[in-house]
Amino acid sequence: MASGNNSGATDRPKGETLVWLCSAGLALGVLMVVMLLGLIFWEGITVFWPKKVVEITLVEESRSTLGSTRNISGVVVKKQENIRSGKEEWQLLTGNKDAYGAMFKYIDAADVASIANPTDIVVAERMEYGNSIFYATSLEFADGTVLPVSAPDFWVRFESAIEEVRQRYRKINHLEKKDIGHINRKVNELTIQERALERRQAEGASIDNDELADIRQRLADLQAEYQVLARQARELRDRQEADILQYRLSSGQERSQPLGDFVGFHQPNQMGLWQKISFFLHHIWSFLSERPREANTEGGIFPAIFGTFVMTVLMSAAVMPFGVVAAIYLREYAKQGPFVRSVRIAVNNLAGVPSIVYGVFGLGFFVYIVGGTVDQLFFSERLPTATFGTGGILWASLTLALMTVPVVVVATEEALAAVPRGAREASLACGASKWQTIQRIVLPASAPGILTGLILAMARGAGEVAPLMIVGVVKLAPSLPIDGVLPFFHLERKFMHLGFHIYDLGFQSPDSEAARPMVFATTFLLILLVIVLNLGAVLIRNHLRKKYATGAF
Amino acid sequence: MNTDNSTVTNDPKLDSPCDPEDALIEIKDFNFFYGTAQALYDLNFDIPKQKVTAFIGPSGCGKSTLLRSINRMNDLIDGANHQGDIVINGLSVFDPLTEVISLRKRIGMVFQKSNPFPKSIYENVIYGLRVSGRNKKGELDQVVMESLKGAALWDEVKDRLHESALGLSGGQMQRLCIARAIANKPEVILMDEPCSALDPIATGKIEELIHELKNQFTIVIVTHNMQQAARVSDNTAFFYLGKLIEYATTENIFFNPKQAQTEAYITGRFG
């Protein structure tokens with residue numbers, strides 16, 4: 001690039017413009033990536049920050065009112081120009097979908113008479129219908145006492161009542177998911193046994209009548225046990241409905257709602273910085289750790305994080321040995337010639353096959369053929385209910401593994417080819433066989449390159465959605481693929497996936513405008529997960545690089 | 001240049017410096033081809049045991065090819081083939097019954113560029129034992145000590161046997177490679193320009209070592225450095241364009257060459 005010391009302005013070497021072009025290309029690329037990541041980061045992270053609620057008083061002639069008063073309260077989400085009138089309009093997140101029929105309200109900026117920041121306004125998260133924004137009036141407890149908002153201990157009592165509700169909700173969940181779920185599983189198993197016996201009886205085979213009676217007895221016992229638990233759960237549910245909150249909306253409507261419908265509340269206009277930070281961290285934590293509510297638009301996304309993670313790990317575990325072994329044969333053993341060359345070209349081209357094609361193949365091969373056979377051989381008593389013969393995390397992982405094999409094969413082949421000849425010769429000259437040389441010298445030396453391939457494969461696999469939709473991803477999975485129930489790994493289960501979650505929230509949600517923040521937060525998290533997985537692989541790779549520094553060869 | 005002269009009037013085999021009874025490696029009518037290109041022509045000579053035999057000659061004369069044929073390293077090259085035979089201790093290296101792995105265990109090799117494995121010094125030395133499945137700690141310790149002492153490296157590394165071999169200096173690495181070669185207790189050590197990447201002091205140490213080693217091993221060394229050949233070898237073979245031009249005691253080659261080409265080469269007039 002340097003033109004030399006004695007060159008004048010006239011003999012500047014050609015090609016400088018190309019250098020600028022290259023750097024401009026890089027700068028453009030970096031700029032786009034940074035902007036995209038910045039947008040996702042900012043939009044994703046601010047979802048959890050408590051936003052100020054304003055109460056807007058409209059001018060008298062405005063037609064944007066929601067009720068008997070001219071007041072509207074909510075969070076100003078966007079200020080924009082109306083496409084038709086060209087006037088400024090504000091998008092207001094009003095909440096109270098049950099009362100107003102929508103989460104958002106557009107008002108003309110010209111209609112705004114005054115704006116206030118009432119300190120006593122409450123934003124409450126609810127189990128259904130999204131957030132509610134209101135002024136509390138009174139609490140009516142089950143024993144008949146009424147606590148007006150003016151009472152000095154109102155907010156303390158309200159908070160503790162909500163906390164009770166939360167605990168009861170957890171208890172109900174535990175009862176229904178854990179204990180009743182446990183009984184259900186047992187009932188399922190016994191029913192299958194019963195059915196099998198009955199089928200044999202119907203076919204005329206002699207069966208052990210005691211056994212059948214025993215099974216029926218145990219089923220009856222379980223039924224009784226279930227009744228007890230179900231009654232407990234019902235009692236708890238009734239208790240959730242007992243305490244009632246009376247509140248008033250800005251629009252003037254008076255409403256009452258059982259405390260059991262609430263998840264939590266905060267008063268954003270009187271929160272200090274620390275309260276806001278703690279609210280922020282608390283909401284991030286519940287986003288990461290909880291299950292989704294309300295068609296996935298509320299609550300957390302833990303099952304999706306977990307599903308993505310497990311699927312990516314399973315995929316890596318499947319693709320690594322397969323791809324590496326294939327590459328070793330191609331590079332080290334196969335006689336290089338037109339045939340191997342065409343195999344190599346074919347493998348490289350597989351990387352360009354649309355991913356949905358892999359999904360269809362996975363459905364046909366893994367799910368129907370392999371899964372169907374497994375069902376017939378090992379789970380025939382459950383048929384016609386499919387166990388492995390339907391989409392599941394195992395088949396999804398294998399499908400993605402198949403899709404990413406070319407990436408691993410190409411990277412591994414290159415890494416193997418880069419191992420210096422001297423290293424192989426030294427090993428062979430010591431009397432090592434070819435396989436020993438590969439195993440002890442060539443593979444360790446090429447491990448960093450192989451891991452690079454795995455990193456690329458993981459990044460591609462974790463972000464893939466299309467093939468997953470037909471081999472096992474669902475909108476809402478009732479249980480995780482790994483849990484505390486024997487045999488702990490339930491690889492036949494359907495699972496949730498962050499990529500699919502984004503699609504589902506953004507495009508399949510009943511209220512996609514309300515789901516928008518969640519889309520950003522989920523996208524941010526998916527990127528974060530891929531970065532974390534990659535960082536792990538990069539750290540291992542750097543460690544290996546240091547260990548097997550090839551400088552001496 | 002006149003090849004007729006060398007092949008007709010003076011068969012190098014005739015005044016071979018190797019007493020047939022001392023011959024360890026016998027090269028018989030050996031021809032070697034890379035695909036269709038012939039690299040070695042009708043080689044016929046013996047290499048005596050427990051002597052240092054140097055191969056000299058200009059680049060591309062086939063001396064490394066011959067060296068690498070002795071332990072069949074040329075097997076790795078696609079399209080390489082040969083005629084004739086190389087016999088070690090009465091056994092043909094190309095015999096279908098000869099296991100190439102055990103052959104290479106009997107013939108150690110040291111390369112031009114030192115190539116220790118990215119492992120500890122200890123593991124480098126015992127690599128040959130590990131791959132033959134010998135893993136007894138006592139035996140391995142013993143071999144490491146003996147081999148490193150044999151390669152004059154023990155005193156320098158005895159306190160850091162388990163550190164990476166890649167932290168050694170160039171000369172130490174090359175001696176480590178020699179230790180690795182002698183750990184298998186081979187009959188022959190092949191050295192392919194072992195000092196060409198080293199400074200004069202490291203070269204001096206390796207040359208001293210070669211003197212020591214010839215008491216136990218038969219050494220064949222390829223070198224570009226004629227002074228080195230004169231210093232370390234007992235016999236010298238001069239190759240040119242794939243043919244053996246002259247094979248005699250080192251003294252005769254350097255002070256009393258019979259062939260005009262040999263004289264031209266060692267006096268630096270070509271090559």
# chains A, B, ... in the order shown; residues from 1 in each chain; ligands from 1
>>> closest_atom_pairs(of="chain A", to="chain B", cutoff="6 Å", atoms="only C-alpha atoms", output="JSON lines")
{"residue": "A:Ala429", "atom": "CA", "partner": "B:Arg104", "partner_atom": "CA", "distance": 5.7}
{"residue": "A:Cys430", "atom": "CA", "partner": "B:Gly128", "partner_atom": "CA", "distance": 5.0}
{"residue": "A:Gly431", "atom": "CA", "partner": "B:Lys105", "partner_atom": "CA", "distance": 4.8}
{"residue": "A:Ala432", "atom": "CA", "partner": "B:Val131", "partner_atom": "CA", "distance": 5.6}
{"residue": "A:Tyr548", "atom": "CA", "partner": "B:Pro118", "partner_atom": "CA", "distance": 5.2}
{"residue": "A:Phe553", "atom": "CA", "partner": "B:Asn115", "partner_atom": "CA", "distance": 5.3}
>>> select_by_dssp(residues="range 263-480 of chain A", states="helix (DSSP H, G or I)", output="VMD selection string")
chain A and resid 268 to 270 273 to 289 302 to 333 338 to 350 355 to 378 380 to 382 393 to 418 421 to 429 434 to 462 468 to 471
>>> closest_residue(among="B:Gly150, B:Leu241, B:Phe94, B:Ile201", to="Asn74 in chain B", atoms="only C-alpha atoms")
B:Phe94
>>> residues_around(residues="Asp221 in chain A", least_positions_apart="5", cutoff="12 Å", atoms="only C-alpha atoms", output="compact mmCIF listing (two decimals) with N, CA and C atoms, in the first residue's frame")
# COMPACT_ATOMS: atom_id res chain seq x y z
N ILE A 183 -50.51 -37.80 39.61
CA ILE A 183 -51.61 -38.77 39.59
C ILE A 183 -52.03 -39.07 38.15
N LYS A 186 -49.76 -41.50 36.53
CA LYS A 186 -49.98 -42.87 37.01
C LYS A 186 -51.24 -43.45 36.39
N VAL A 187 -52.28 -42.62 36.37
CA VAL A 187 -53.55 -43.07 35.80
C VAL A 187 -53.34 -43.47 34.34
N LEU A 190 -51.60 -46.82 34.14
CA LEU A 190 -52.49 -47.92 34.53
C LEU A 190 -53.54 -48.16 33.46
N ASP A 214 -56.65 -55.70 40.34
CA ASP A 214 -55.69 -54.89 41.07
C ASP A 214 -55.52 -53.52 40.40
N ILE A 215 -55.39 -53.58 39.07
CA ILE A 215 -55.22 -52.32 38.33
C ILE A 215 -56.44 -51.44 38.52
N ARG A 216 -57.64 -52.05 38.45
CA ARG A 216 -58.86 -51.25 38.58
C ARG A 216 -58.97 -50.66 39.98
N TYR A 226 -57.24 -38.08 43.71
CA TYR A 226 -57.41 -36.92 42.83
C TYR A 226 -58.52 -36.02 43.33
N GLN A 227 -59.64 -36.65 43.77
CA GLN A 227 -60.78 -35.86 44.25
C GLN A 227 -60.35 -34.96 45.40
N VAL A 228 -59.53 -35.50 46.32
CA VAL A 228 -59.09 -34.72 47.48
C VAL A 228 -58.29 -33.52 47.01
>>> closest_residue(among="A:Leu505, A:Val360, A:Val340, A:Ala447", to="Arg293 in chain A", atoms="only C-alpha atoms")
A:Leu505
>>> atom_distance(atom1="CA of Leu244 in chain B", atom2="CA of Asp75 in chain B")
22.4 Å
>>> atom_distance(atom1="CA of Val47 in chain A", atom2="CA of Val519 in chain A")
10.0 Å
>>> closest_residue(among="A:Leu229, A:Ile393, A:Leu428, A:Leu525", to="His501 in chain A", atoms="only C-alpha atoms")
A:Leu525
>>> closest_residue(among="B:Gly90, B:Thr218, B:Thr267, B:Glu99", to="Val188 in chain B", atoms="only C-alpha atoms")
B:Thr218
>>> closest_residue(among="B:Ile266, B:Ala237, B:Ile210, B:Ala151", to="Leu43 in chain B", atoms="only C-alpha atoms")
B:Ala237
>>> closest_residue(among="A:Asn542, A:Asn296, A:Gln193, A:Ser256", to="Asp98 in chain A", atoms="only C-alpha atoms")
A:Ser256
>>> residues_around(residues="Arg239 in chain A", least_positions_apart="6", cutoff="10 Å", atoms="only C-alpha atoms", output="MDAnalysis selection string")
chainID A and resid 142 165 168 233 258:260
